[in-house]
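Visitor: Sharing a structure, written as structure tokens. Questions coming.
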Amino acid sequence: MIDPRILRDEPDRVRAALAKRGLSGEAVDRALAADATRRKAIVDFEEKRAEQKQLGKLIPKASPDEKADLLARTKALAAEVKAAEAAQGEAEVAWKAALASIPNLASEHTPAGGEEDFVVLEEVGTPRDFSAEGFEPRDHVELGKLLGAIDLERGAKVSGSRFYFLTGVGAQLERALVNLAMDQAREAGFTEVIAPSLVKPRAMEGTGFLDQAADDVYRIEGEDLFLVGTSEVPMAAYHSDEILDAETLPLRYAAFSPCFRREAGSHGKDTRGIIRVHWFDKVEMFVYTTLDQAEAEHQRLLAWEKAFLEKLELAYRVIDVAAGDLGPSANAKYDCEAWIPTQGKYRELTSTSNCTDFQTRRLDIRARFSDGEQQRTGPIATLNGTLCAMTRTIVAILETHQQADGSVRVPAALQPYLGGREVLEPIVKP
RNA sequence: GGAGGCGUCGCCUAGUCUGGUCUAUGGCGCCCGCCUGCUAAGCGGGUUUGGGGCUACAACCCCAUCGAGGGUUCAAAUCCCUCCGCCUCCGCCA
């Protein structure tokens with residue numbers, strides 16, 4: 001949730017931010033009204049409670065006559081206190097709900113508008129020109145079959161559409177990518193994490209995934225658990241209800257987990273291959289840092305993502321995602337999109353978001369700062385960034401580095417992770 | 001899954017049977033001050049978190065907070081119920 005103080009002091013700034021996302025400012029008015037109601041209810045309850053405490057103190061010491069009188073008064077008061085407490089509770093819930101309906105404020109540089117209104121920040125590398133090389137590129141489905149790397153038919157048979165098996169060099173490729181990613185992260189000072197992919201509602205809510213993306217989330221039947229769509233969820237909830245020592249920030253984690261997405265509303269989109277699947281594995285960077293450092297850290301996360309894509313020798317571009325496409329938690333988001341030859345366009349491979357204090361407020365995560373001799377607790381920021389999402393990375397590698405005979409050249413940085421292999425050879429003749 | 005035990009403001013801990021004197025005890029750690037060649041010791045004070053009032057996001061006052069939520073009661077750390085977590089034993093299992 002956003003900072004209630006900003007809402008109270010600068011409601012117009014919040015309205016402007018909502019407009020940037022293409023949303024009305026109605027939520028601001030609702031939240032302000034709920035805040036006023038809540039404060040009044042709190043004062044009312046506290047006054048009644050204080051009076052009740054005063055009377056209660058007198059009872060044990062009172063003489064029998066006084067006692068009867070006191071009991072009568074305090075009995076009547078008890079009902080009022082109870083009612084006031086209930087009213088306060090309700091007002092608090094209403095206020096929290098109103099506040100939760102407001103997404104994070106978009107940053108200065110974030111373009112206004114929706115999905116199509118992104119700004120291209122840079123293009124790195126040159127998309128390979130297959131016509132100049134004199135052969136028609138095969139798509140990853142075909143290459144996956146030739147290499148014995150991706151088995152989509154059996155994926156569908158066993159689990160349904162949008163499922164796959166990685167086999168042989170496909171499975172090796174995933175392991176190699178996981179190791180390359182984890183090694184890069186560890187060398188950069190990240191703590192390696194294997195995170196649970198089932199979480200309680202609190203973790204889902206806290207990260208904002210039950211707001212707009214609720215339809216995309218798998219729930220476990222008969223249990224209060226959800227399958228995560230990214231390890232951002234368990235990693236954000238990792239420090240929930242904690243007060244961190246500001247001295248230890250930034251806390252940088254590289255978390256591996258499977259990711260599950262229902263892909264509701266994307267029927268008919270990317271139905272071929274493993275571009276869009278219900279399950280994939282991912283190494284995600286997740287950082288807790290100070291609000292001051294959040295923006296600089298966002299740039300660092302982007303730099304680590306770029307470094308990884310460059311190790312894989314992929315052509316890609318970086319976009320600044322528009323406000324309407326940020327998701328509720330982020331105030332800014334950069335996507336790295338790799339060139340997919342057979343699609344003739346750039347496709348999202350990684351994404352990094354600065355969530356400022358939006359998630360930490362929901363999850364009750366703070367830090368203790370010492371300003372000279374004064375100690376204070378205050379909000380901190382979370383950021384996340386994909387280091388390597390296996391399926392799409394495999395697609396980009398296979399398609400980009402394929403050769404006319406159906407073999408695939410292994411980028412130098414990946415070779416040590418594949419037993420020194422320089423080329424993946426087809427096991428089926430093209 | 002079964003049986004039992006436990007959960008107190010950083011850590012440890014008293015209090016729970018017998019509800020009000022709990023404004024939660026004491027120790028350790030930490031912070032401030034005093035004392036002191038220096039250090040240690042000693043002495044005094046402070047030390048949960050969230051919120052509200054008033055405001056300068058200070059000081060001060062108030063409310064809540066004894067794992068969480070409900071209940072009983074004029075009154076709950078204390079009595080009752082539900083849930084969560086941890087520990088021990090049994091069963092099952094990677």
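Identifiers for the structure tokens are assigned positionally: chains receive A, B, ... in sequence, residues are indexed from 1 per chain, and ligands are indexed from 1 in the order shown.
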List every residue of chain A that has an atom at most 10 Å from any atom of chain B, giving for each one its closest atom pair and the distance in Å to one decimal, counting only C-alpha atoms (C1' of nucleotides), sorted by chain and then by ascending residue number, as CSV.
Guide:
```
residue,atom,partner,partner_atom,distance
A:Arg39,CA,B:G52,C1',7.4
A:Lys40,CA,B:G52,C1',9.4
A:Ile42,CA,B:G52,C1',6.8
A:Val43,CA,B:G52,C1',6.5
A:Phe45,CA,B:C63,C1',8.2
A:Glu46,CA,B:C63,C1',5.1
A:Glu47,CA,B:C63,C1',8.2
A:Lys48,CA,B:C63,C1',9.9
A:Arg49,CA,B:C63,C1',7.7
A:Ala50,CA,B:C63,C1',7.6
A:Gln52,CA,B:C74,C1',8.7
A:Lys53,CA,B:A75,C1',8.5
A:Leu55,CA,B:C74,C1',8.7
A:Gly56,CA,B:A75,C1',6.2
A:Lys57,CA,B:G20,C1',7.3
A:Leu58,CA,B:G20,C1',9.3
A:Ile59,CA,B:G20,C1',7.9
A:Pro60,CA,B:G20,C1',6.1
A:Lys61,CA,B:G20,C1',9.3
A:Lys67,CA,B:C74,C1',10.0
A:Leu70,CA,B:C74,C1',8.0
A:Leu71,CA,B:C74,C1',5.3
A:Ala72,CA,B:C74,C1',7.7
A:Arg73,CA,B:C74,C1',8.2
A:Thr74,CA,B:C74,C1',5.2
A:Lys75,CA,B:C74,C1',5.1
A:Ala76,CA,B:C74,C1',8.6
A:Leu77,CA,B:C74,C1',8.6
A:Ala78,CA,B:C74,C1',7.2
A:Ile243,CA,B:U49,C1',10.0
A:Glu373,CA,B:C31,C1',8.9
```
Visitor: Excluding region 6-10 of chain B and residues on its chain fewer than 3 positions from it, collect all residues at most 10 Å away from it, counting only C-alpha atoms (C1' of nucleotides), and give them as a VMD selection string.
Guide: chain B and resid 13 to 15 24 29 to 30 47 to 49 65 to 67 77 85 to 87
Visitor: May I ask for the distance between CA of Ala176 (chain A) and CA of Tyr417 (chain A), given in Å to one decimal place?
Guide: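 Between these atoms lies a distance of 4.9 Å.
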Visitor: If you run DSSP on this backbone, which residues of region 265-430 of chain A come out as helix (DSSP H, G or I), and could you give them as a count of residues only?
Guide: 44
Visitor: Counting only C-alpha atoms (C1' of nucleotides), what is within 12 Å of Ala33 (chain A), bar same-chain residues fewer than 5 positions away, as a ChimeraX atom specification?
Guide: /A:7-8,11,26-28,38-40,91-92,94-96,98-99
Visitor: So which residues touch region 190-205 of chain A within 7 Å, counting only C-alpha atoms (C1' of nucleotides), skipping near sequence neighbours fewer than 6 positions away, as number ranges by chain?
Guide: A: 182, 224-228, 231, 233-234, 237, 252-258
Visitor: Determine which residues of region 324-409 of chain A receive a DSSP assignment of strand (DSSP E or B), computed from the backbone, and state them as a VMD selection string.
Guide: chain A and resid 332 to 340 345 to 354 366 to 371 374 to 379 381 to 389 402 408 to 409
Visitor: Which value, in Å to one decimal, gives the distance between CA of Leu363 (chain A) and CA of Met285 (chain A)?
Guide: 18.7 Å
Visitor: Could you name the residues that touch Arg368 (chain A) at 10 Å or less, counting only C-alpha atoms (C1' of nucleotides), but leaving out those on the same chain fewer than 6 positions away, as a PyMOL selection string?
Guide: chain A and resi 243-247+375-380
Visitor: Store the residues picked out above, limited to C-alpha atoms, as a PDB file, in the first residue's frame.
Guide:
```pdb
ATOM      1  CA  ILE A 243      12.311  -5.033  11.701  1.00  0.00           C
ATOM      2  CA  LEU A 244      15.607  -5.272   9.854  1.00  0.00           C
ATOM      3  CA  ASP A 245      18.783  -3.566  10.944  1.00  0.00           C
ATOM      4  CA  ALA A 246      19.382  -0.812   8.393  1.00  0.00           C
ATOM      5  CA  GLU A 247      23.101  -1.540   8.623  1.00  0.00           C
ATOM      6  CA  GLN A 375      16.989   5.527  16.595  1.00  0.00           C
ATOM      7  CA  ARG A 376      13.920   5.271  14.443  1.00  0.00           C
ATOM      8  CA  THR A 377      12.114   2.610  12.478  1.00  0.00           C
ATOM      9  CA  GLY A 378      11.030   3.408   8.962  1.00  0.00           C
ATOM     10  CA  PRO A 379       9.810   1.911   5.725  1.00  0.00           C
ATOM     11  CA  ILE A 380      12.186   0.307   3.244  1.00  0.00           C
TER      12      ILE A 380
END
```
Visitor: Between CA of Leu166 (chain A) and CA of Ile274 (chain A), what is the distance in Å, rounded to a tenth?
Guide: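 Answer for the CA of Leu166 (chain A) to CA of Ile274 (chain A) separation: 10.3 Å.
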Visitor: For the interface of region 19-132 of chain A with region 340-350 of chain A (cut-off 10 Å, counting only C-alpha atoms), please tabulate each contacting residue of region 19-132 of chain A alongside its nearest pair of atoms and their separation in Å to one decimal, rows sorted by chain and increasing number, as JSON lines.
Guide:
```
{"residue": "A:Pro127", "atom": "CA", "partner": "A:Pro341", "partner_atom": "CA", "distance": 7.5}
{"residue": "A:Arg128", "atom": "CA", "partner": "A:Pro341", "partner_atom": "CA", "distance": 7.3}
{"residue": "A:Asp129", "atom": "CA", "partner": "A:Pro341", "partner_atom": "CA", "distance": 8.4}
{"residue": "A:Phe130", "atom": "CA", "partner": "A:Pro341", "partner_atom": "CA", "distance": 8.3}
```
Visitor: Could you dump the residues just selected with C-alpha atoms as a PDB file, in the first residue's frame?
Guide:
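Heads up, here's the output in selection_10.pdb:
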```
ATOM      1  CA  PRO A 127      19.391  -9.313 -34.613  1.00  0.00           C
ATOM      2  CA  ARG A 128      20.860 -12.071 -36.729  1.00  0.00           C
ATOM      3  CA  ASP A 129      20.056 -11.830 -40.424  1.00  0.00           C
ATOM      4  CA  PHE A 130      19.322 -15.370 -41.597  1.00  0.00           C
TER       5      PHE A 130
END
```
Visitor: Could you pull the residues within 12 Å of Ala106 (chain A), counting only C-alpha atoms (C1' of nucleotides), minus those fewer than 5 positions along the same chain, as JSON, numbers by chain?
Guide: {"A": [2, 13, 14, 15, 16, 17, 18, 19, 20, 21, 22, 111, 112, 113, 320, 321, 322, 323, 324, 325, 326, 327, 328, 329, 330, 331, 332, 333, 353, 354, 355, 356, 358]}
Visitor: Could you write those residues out with C-alpha atoms, as a PDB file, in the first residue's frame?
Guide:
```pdb
ATOM      1  CA  ILE A   2       1.055   3.543  -0.493  1.00  0.00           C
ATOM      2  CA  ARG A  13      -0.280  13.842  -6.358  1.00  0.00           C
ATOM      3  CA  VAL A  14      -1.944  10.450  -5.868  1.00  0.00           C
ATOM      4  CA  ARG A  15      -4.765  11.419  -8.239  1.00  0.00           C
ATOM      5  CA  ALA A  16      -2.235  12.422 -10.865  1.00  0.00           C
ATOM      6  CA  ALA A  17      -0.423   9.115 -10.463  1.00  0.00           C
ATOM      7  CA  LEU A  18      -3.674   7.201 -10.910  1.00  0.00           C
ATOM      8  CA  ALA A  19      -4.439   9.207 -14.034  1.00  0.00           C
ATOM      9  CA  LYS A  20      -1.042   8.232 -15.410  1.00  0.00           C
ATOM     10  CA  ARG A  21      -2.133   4.620 -15.153  1.00  0.00           C
ATOM     11  CA  GLY A  22      -5.443   5.480 -16.784  1.00  0.00           C
ATOM     12  CA  PRO A 111       5.650   6.825 -19.492  1.00  0.00           C
ATOM     13  CA  ALA A 112       1.918   7.427 -19.106  1.00  0.00           C
ATOM     14  CA  GLY A 113      -0.515   5.060 -20.785  1.00  0.00           C
ATOM     15  CA  ASP A 320      10.643   1.463 -19.846  1.00  0.00           C
ATOM     16  CA  VAL A 321       7.199  -0.031 -19.198  1.00  0.00           C
ATOM     17  CA  ALA A 322       4.259   2.394 -19.179  1.00  0.00           C
ATOM     18  CA  ALA A 323       2.353   3.177 -15.984  1.00  0.00           C
ATOM     19  CA  GLY A 324      -0.781   1.254 -16.941  1.00  0.00           C
ATOM     20  CA  ASP A 325       1.247  -1.943 -17.448  1.00  0.00           C
ATOM     21  CA  LEU A 326       3.261  -1.821 -14.224  1.00  0.00           C
ATOM     22  CA  GLY A 327       1.174  -4.001 -11.977  1.00  0.00           C
ATOM     23  CA  PRO A 328      -0.027  -2.602  -8.666  1.00  0.00           C
ATOM     24  CA  SER A 329       3.227  -2.913  -6.708  1.00  0.00           C
ATOM     25  CA  ALA A 330       5.763  -1.282  -9.006  1.00  0.00           C
ATOM     26  CA  ASN A 331       6.590   2.361  -9.415  1.00  0.00           C
ATOM     27  CA  ALA A 332       8.853   1.631 -12.358  1.00  0.00           C
ATOM     28  CA  LYS A 333       9.618  -1.415 -14.477  1.00  0.00           C
ATOM     29  CA  SER A 353      10.503  -3.693 -10.849  1.00  0.00           C
ATOM     30  CA  ASN A 354      11.086  -1.122  -8.158  1.00  0.00           C
ATOM     31  CA  CYS A 355       8.284  -1.663  -5.656  1.00  0.00           C
ATOM     32  CA  THR A 356       9.502   1.079  -3.285  1.00  0.00           C
ATOM     33  CA  PHE A 358       4.459  -0.718  -1.441  1.00  0.00           C
TER      34      PHE A 358
END
```
Visitor: Taking only C-alpha atoms into account, which of A:Asp364, A:Glu133, A:Glu85, A:Asp69 comes nearest Gln402 (chain A)?
Guide: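 Among A:Asp364, A:Glu133, A:Glu85, A:Asp69, it is A:Glu133 that comes nearest to Gln402 (chain A).
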Visitor: Write out as a list in words the residues lying within 9 Å of Leu312 (chain A), counting only C-alpha atoms (C1' of nucleotides) and excluding same-chain residues fewer than 5 positions away.
Guide: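 After dropping sequence-adjacent residues, the list is Ala307, Thr393, Ile397, Val410, Pro411, Ala412, Ala413 and Leu414 of chain A.
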